[in-house]
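These notes concern the structure reproduced below.
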Amino acid sequence: MGTVALFILTIAAIVFSAGGILASRFFTKSVYNPQKGQPYECGIPTSGTPWSQFHIGYYLYAIVFLLFEVELVFMYPWAVIVQKIGVGALVEMFAFIVVLFIGFLYAHKKGALKWM
Amino acid sequence: MIYYLLHNLLPFKQELLLLLGIFILLLTQIFGGKQHTEWTLQWVNLLLLIIVLAGFWPVGYNSAFSNMYQLTSLNAFEKSVLAFAAYIISLQGYNWLQRFEHTYEFYVLVLSSLLGMFCMLSSTNFLFFYIGLELSTLPLALLVNFQLNKKQSSEAAFKFIMSAAFASAILLLGISFLYGLSGSLNFNAVAAKLILNPFSLVAFLLFLAGVLFKVSVVPFHLWTADVYEGAPISVTAFLSVVSKASVLFVLLNLLFKVFYHLQSVWHIVMLILLLVTIVIGNLFALRQENFKRFMAFSSITQVGFILVAFLGNAYNASTAVVYFLVIYLFSNLAVFGVITYVENAFDKQNINEFKGLYKKNKFLSWVLLIGLFSLAGIPPTAGFFGKFFLIMSGSENLNYIPWITLAAVNLIISLYYYLRVAIVVFDNNVEFDAPTIAIPQPIKLSFIICIVGILITGVGSWIYHYIYSLTAAAF
């Protein structure tokens, strides 16, 4: 039973993706237009080259930002069961935050949050 | 409350020591003003030795984190082996590490990679296993790029992280299939639900591909040579010994405890993979000029031989694999120690540049020779006994004997390239064009440990019996 379902799913996935491409190939008329070749940029003509370099600080900011975003995500499921587990859960979350905080202090000390 | 915490954390002692080390290193970076590199090197080495000893502490209460983490005495021994390898590598890199301003970060990364491996080794849950695997891989990518001004290192690190990400994705797909199959991520629950059908076969093969990528078994070996060449030599040693050994230890656990219902399948898969791995590793190792690339293909071949043991039953296989990896640690690190010293002191990487080393430095040449003999598997050294037990374990099933004979023939081919290096080193007609300098004490100590290890481990049968008693308790 499981095997048949898997087989059907595989076939369906292939038909679905290939069918879409084939259908649009048959039903549409392709007209070339120079504007179609431009990168999508909310309607305004682009300025400058897309290969420009970003300052390395941008990436460091982004990583430190992501770190705390993800930390918050982990706090939500914890908040649901914190009452059931009690003190142990508090201690564990405290340990988790201390670990991240030491990392944050390290990043700060190394100048990751200094802009330019 | 305190009792609860202690009870939960005691099986976690080796990991806790590692965490302590990482925290102290980071805190000295945050609050410390002046840097004491030499002092750091000393105490981190001491910490690694303490972790090695902690592995022999009797395992009492053995699970933590609501049974996601389980410690057997075999696991504790395997962790000690990994920590000991890291200790030897740290000794060998002693002088090299003092050149850098960011030595602290080297140890933070090495210790966190070890932490990941330790978590992976005693996990009983696929989620925990995956986190351990990632924690062990990510710091390695940073370590590969440790020499920030070297372009080749950046390229190697990029190749490493891209291919590791690809392998992780495949592994995760396999895990998600296993979850779909059994509705649980627990090893025992998955093992109970696995039966031989196409669905579980797909899941198993995807999972296996992701894991075998890390040990660079042949269809997944393409990153190995480039990364080994580009990485700093101490990191190459870490990759080829510690990283590989950890994944092979885990593979034992997974194959014999989780996927044992699919044994008929993975026997065939292993048989094909090991033959391809040994043959291709051998053929490529024959033609290498760069010593690091040579060691890369040599380590691929060695992994191929280790896979031979997986064809036996759980006890023999795990004993043979753990025993061989202890020997492999000593012999590979003896060779890597010499390469590390020569590269850092004289900036030489090619095999031909080692010509006439014997005339200038007899001690180094003998260490290299014994290491190579052990890798090749020539009797008085431990490598022979290690390979003997691997093949003994594999030939338990009589049907596999012709194929294992084919693998053993490749053992003889591998003699050629190991001894070629020995001939180059002991060539008396050529001058080694570099001055003789005294070998620093820590590096000398690491050589003595390796030589003693190679000579003792093979002859001392009590080591084999000790490992056997550990596996008998674990499975």
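Identifiers in the structure tokens: chain A, B, ... in order shown; residue index from 1 per chain; ligand index from 1 in order shown.
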
*Using only C-alpha atoms, find which residues of chain A lie within 12 Å of chain B and jot them down as number ranges by chain.*
A: 1-7, 10, 86-89, 91-92, 95, 98-111

*Polymer residues at most 10 Å from Lys348 (chain B), only C-alpha atoms, same-chain spacing of 6 or more positions, as JSON, numbers by chain*: {"B": [290, 291, 339, 340, 341, 342, 354, 434]}

Store the residues picked out above, limited to N, CA and C atoms, as a compact mmCIF listing (two decimals), in the first residue's frame.
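Final file, out.txt:
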# COMPACT_ATOMS: atom_id res chain seq x y z
N ASN B 290 52.00 15.78 -4.66
CA ASN B 290 51.86 16.58 -3.44
C ASN B 290 51.58 15.64 -2.27
N PHE B 291 52.31 15.84 -1.17
CA PHE B 291 52.20 14.91 -0.05
C PHE B 291 50.81 14.92 0.56
N ILE B 339 55.13 15.49 8.12
CA ILE B 339 54.78 16.45 7.07
C ILE B 339 54.59 17.84 7.68
N THR B 340 53.89 17.90 8.83
CA THR B 340 53.66 19.18 9.48
C THR B 340 54.97 19.88 9.77
N TYR B 341 55.90 19.11 10.36
CA TYR B 341 57.17 19.71 10.76
C TYR B 341 57.92 20.20 9.53
N VAL B 342 58.01 19.36 8.50
CA VAL B 342 58.80 19.73 7.32
C VAL B 342 58.15 20.91 6.59
N PHE B 354 61.26 15.84 -0.41
CA PHE B 354 61.70 15.15 0.81
C PHE B 354 62.96 14.33 0.55
N ALA B 434 68.01 21.93 2.87
CA ALA B 434 67.52 22.82 3.92
C ALA B 434 68.40 22.59 5.13

*Residues of region 29-114 of chain B in helix (DSSP H, G or I) according to DSSP, as an NGL selection string?*
:B and (29-31 or 37-54 or 73-92 or 94-97 or 103-114)

Just to be explicit: take each residue in the selection above, keep C-alpha atoms, and write the result as a tab-separated table (two decimals), in the first residue's frame.
chain	number	residue	atom	x	y	z
B	29	GLN	CA	38.89	36.83	24.66
B	30	ILE	CA	36.10	39.04	25.97
B	31	PHE	CA	37.65	40.21	29.24
B	37	THR	CA	49.34	32.14	23.61
B	38	GLU	CA	51.85	29.70	25.05
B	39	TRP	CA	49.95	29.39	28.30
B	40	THR	CA	46.70	28.75	26.40
B	41	LEU	CA	48.32	25.98	24.40
B	42	GLN	CA	49.47	24.34	27.63
B	43	TRP	CA	46.17	24.32	29.44
B	44	VAL	CA	44.09	23.29	26.44
B	45	ASN	CA	46.40	20.31	25.97
B	46	LEU	CA	45.96	19.47	29.64
B	47	LEU	CA	42.17	19.75	29.28
B	48	LEU	CA	42.21	17.35	26.31
B	49	LEU	CA	44.21	14.85	28.38
B	50	ILE	CA	41.70	15.14	31.23
B	51	ILE	CA	38.90	14.41	28.73
B	52	VAL	CA	40.79	11.33	27.57
B	53	LEU	CA	41.06	10.11	31.17
B	54	ALA	CA	37.41	10.96	31.92
B	73	SER	CA	31.40	2.50	27.91
B	74	LEU	CA	32.30	1.90	24.25
B	75	ASN	CA	31.14	5.45	23.43
B	76	ALA	CA	33.20	6.85	26.27
B	77	PHE	CA	36.25	5.00	24.96
B	78	GLU	CA	35.62	6.27	21.40
B	79	LYS	CA	35.39	9.81	22.72
B	80	SER	CA	38.69	9.35	24.52
B	81	VAL	CA	40.26	8.18	21.26
B	82	LEU	CA	39.02	11.29	19.44
B	83	ALA	CA	40.20	13.62	22.20
B	84	PHE	CA	43.59	11.90	22.24
B	85	ALA	CA	43.96	12.41	18.48
B	86	ALA	CA	43.12	16.09	18.96
B	87	TYR	CA	45.77	16.24	21.70
B	88	ILE	CA	48.47	14.82	19.41
B	89	ILE	CA	47.47	17.20	16.60
B	90	SER	CA	47.62	20.09	19.03
B	91	LEU	CA	51.14	19.04	20.10
B	92	GLN	CA	52.25	18.80	16.48
B	94	TYR	CA	52.51	23.80	18.65
B	95	ASN	CA	55.02	25.98	16.83
B	96	TRP	CA	52.79	26.71	13.87
B	97	LEU	CA	49.95	27.93	16.10
B	103	THR	CA	45.24	30.88	18.13
B	104	TYR	CA	42.38	31.08	20.62
B	105	GLU	CA	39.89	30.73	17.82
B	106	PHE	CA	41.68	27.63	16.55
B	107	TYR	CA	41.01	25.93	19.85
B	108	VAL	CA	37.46	27.24	20.16
B	109	LEU	CA	36.74	25.70	16.76
B	110	VAL	CA	38.55	22.43	17.43
B	111	LEU	CA	36.80	21.99	20.77
B	112	SER	CA	33.36	22.78	19.36
B	113	SER	CA	33.93	20.36	16.51
B	114	LEU	CA	34.85	17.71	19.09

*Would you list, as a list of chain:residue names, the residues of region 36-263 of chain B that end up in strand (DSSP E) under DSSP run on this structure's backbone?*
B:Ser63, B:Ala64, B:Tyr69, B:Gln70

*asked:* Would you compute the distance between CA of Tyr416 (chain B) and CA of Arg287 (chain B)? Give it in Å to one decimal.
replied: 11.0 Å

*Grab the CA of Val421 (chain B) to CA of Ile351 (chain B) distance for me, in Å with one decimal place.*
6.9 Å

*Tell me, in Å to one decimal, how far CA of Gln83 (chain A) is from CA of Ala64 (chain B).*
20.9 Å

_Can you tell me which residues surround Phe259 (chain B) at a distance of at most 12 Å, considering only C-alpha atoms, apart from same-chain residues fewer than 3 positions away, and format the answer as a ChimeraX atom specification?_
/B:178,187-196,200-201,203-205,207-208,251-256,262-267,314

Only C-alpha atoms, please: the residues just picked out, written as a PDB file, in the first residue's frame.
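File again-v1.pdb, as written:
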ATOM      1  CA  LEU B 178      12.505   7.705   8.045  1.00  0.00           C
ATOM      2  CA  PHE B 187      16.527   5.167  16.970  1.00  0.00           C
ATOM      3  CA  ASN B 188      14.690   2.267  18.588  1.00  0.00           C
ATOM      4  CA  ALA B 189      11.297   3.323  17.253  1.00  0.00           C
ATOM      5  CA  VAL B 190      12.671   3.672  13.730  1.00  0.00           C
ATOM      6  CA  ALA B 191      14.477   0.331  13.984  1.00  0.00           C
ATOM      7  CA  ALA B 192      11.246  -1.396  15.013  1.00  0.00           C
ATOM      8  CA  LYS B 193       9.341  -0.059  12.000  1.00  0.00           C
ATOM      9  CA  LEU B 194      11.949  -0.746   9.334  1.00  0.00           C
ATOM     10  CA  ILE B 195      11.203  -3.664   7.057  1.00  0.00           C
ATOM     11  CA  LEU B 196      12.601  -4.442   3.659  1.00  0.00           C
ATOM     12  CA  SER B 200      12.594   2.214   3.631  1.00  0.00           C
ATOM     13  CA  LEU B 201      15.248   1.350   1.077  1.00  0.00           C
ATOM     14  CA  ALA B 203      15.212   6.365   3.063  1.00  0.00           C
ATOM     15  CA  PHE B 204      18.183   4.233   4.058  1.00  0.00           C
ATOM     16  CA  LEU B 205      20.170   4.905   0.892  1.00  0.00           C
ATOM     17  CA  PHE B 207      20.708   8.601   4.744  1.00  0.00           C
ATOM     18  CA  LEU B 208      23.731   6.428   4.043  1.00  0.00           C
ATOM     19  CA  LEU B 251      28.149   4.387  11.380  1.00  0.00           C
ATOM     20  CA  LEU B 252      28.775   1.272  13.504  1.00  0.00           C
ATOM     21  CA  ASN B 253      26.107   2.383  15.907  1.00  0.00           C
ATOM     22  CA  LEU B 254      23.617   3.208  13.153  1.00  0.00           C
ATOM     23  CA  LEU B 255      24.072   0.162  10.973  1.00  0.00           C
ATOM     24  CA  PHE B 256      24.034  -2.425  13.733  1.00  0.00           C
ATOM     25  CA  LEU B 262      18.139  -4.061   6.177  1.00  0.00           C
ATOM     26  CA  GLN B 263      21.365  -5.990   6.698  1.00  0.00           C
ATOM     27  CA  SER B 264      21.067  -7.987   3.479  1.00  0.00           C
ATOM     28  CA  VAL B 265      20.858  -4.704   1.575  1.00  0.00           C
ATOM     29  CA  TRP B 266      23.669  -2.824   3.194  1.00  0.00           C
ATOM     30  CA  HIS B 267      25.980  -5.791   2.923  1.00  0.00           C
ATOM     31  CA  ALA B 314      28.138  -6.573  15.262  1.00  0.00           C
TER      32      ALA B 314
END

*Phe305 (chain B) surroundings by only C-alpha atoms, 12 Å radius, close-in-sequence under 3 positions cut, as a PyMOL selection string*: chain B and resi 217+248+270-271+273-279+281-282+298-302+308-311+320-321+324-325+328+375-377+383+386-394+404-411+414

*For Glu155 (chain B), work out the shell of residues within 9 Å, counting only C-alpha atoms and skipping chain neighbours fewer than 5 positions away, then give it as a ChimeraX atom specification.*
/B:145,160,226-227,230

_Counting only C-alpha atoms, the option among A:Ile97, A:Val31, A:Ile8, A:Ile21 closest to Met75 (chain A)_ = A:Ile97
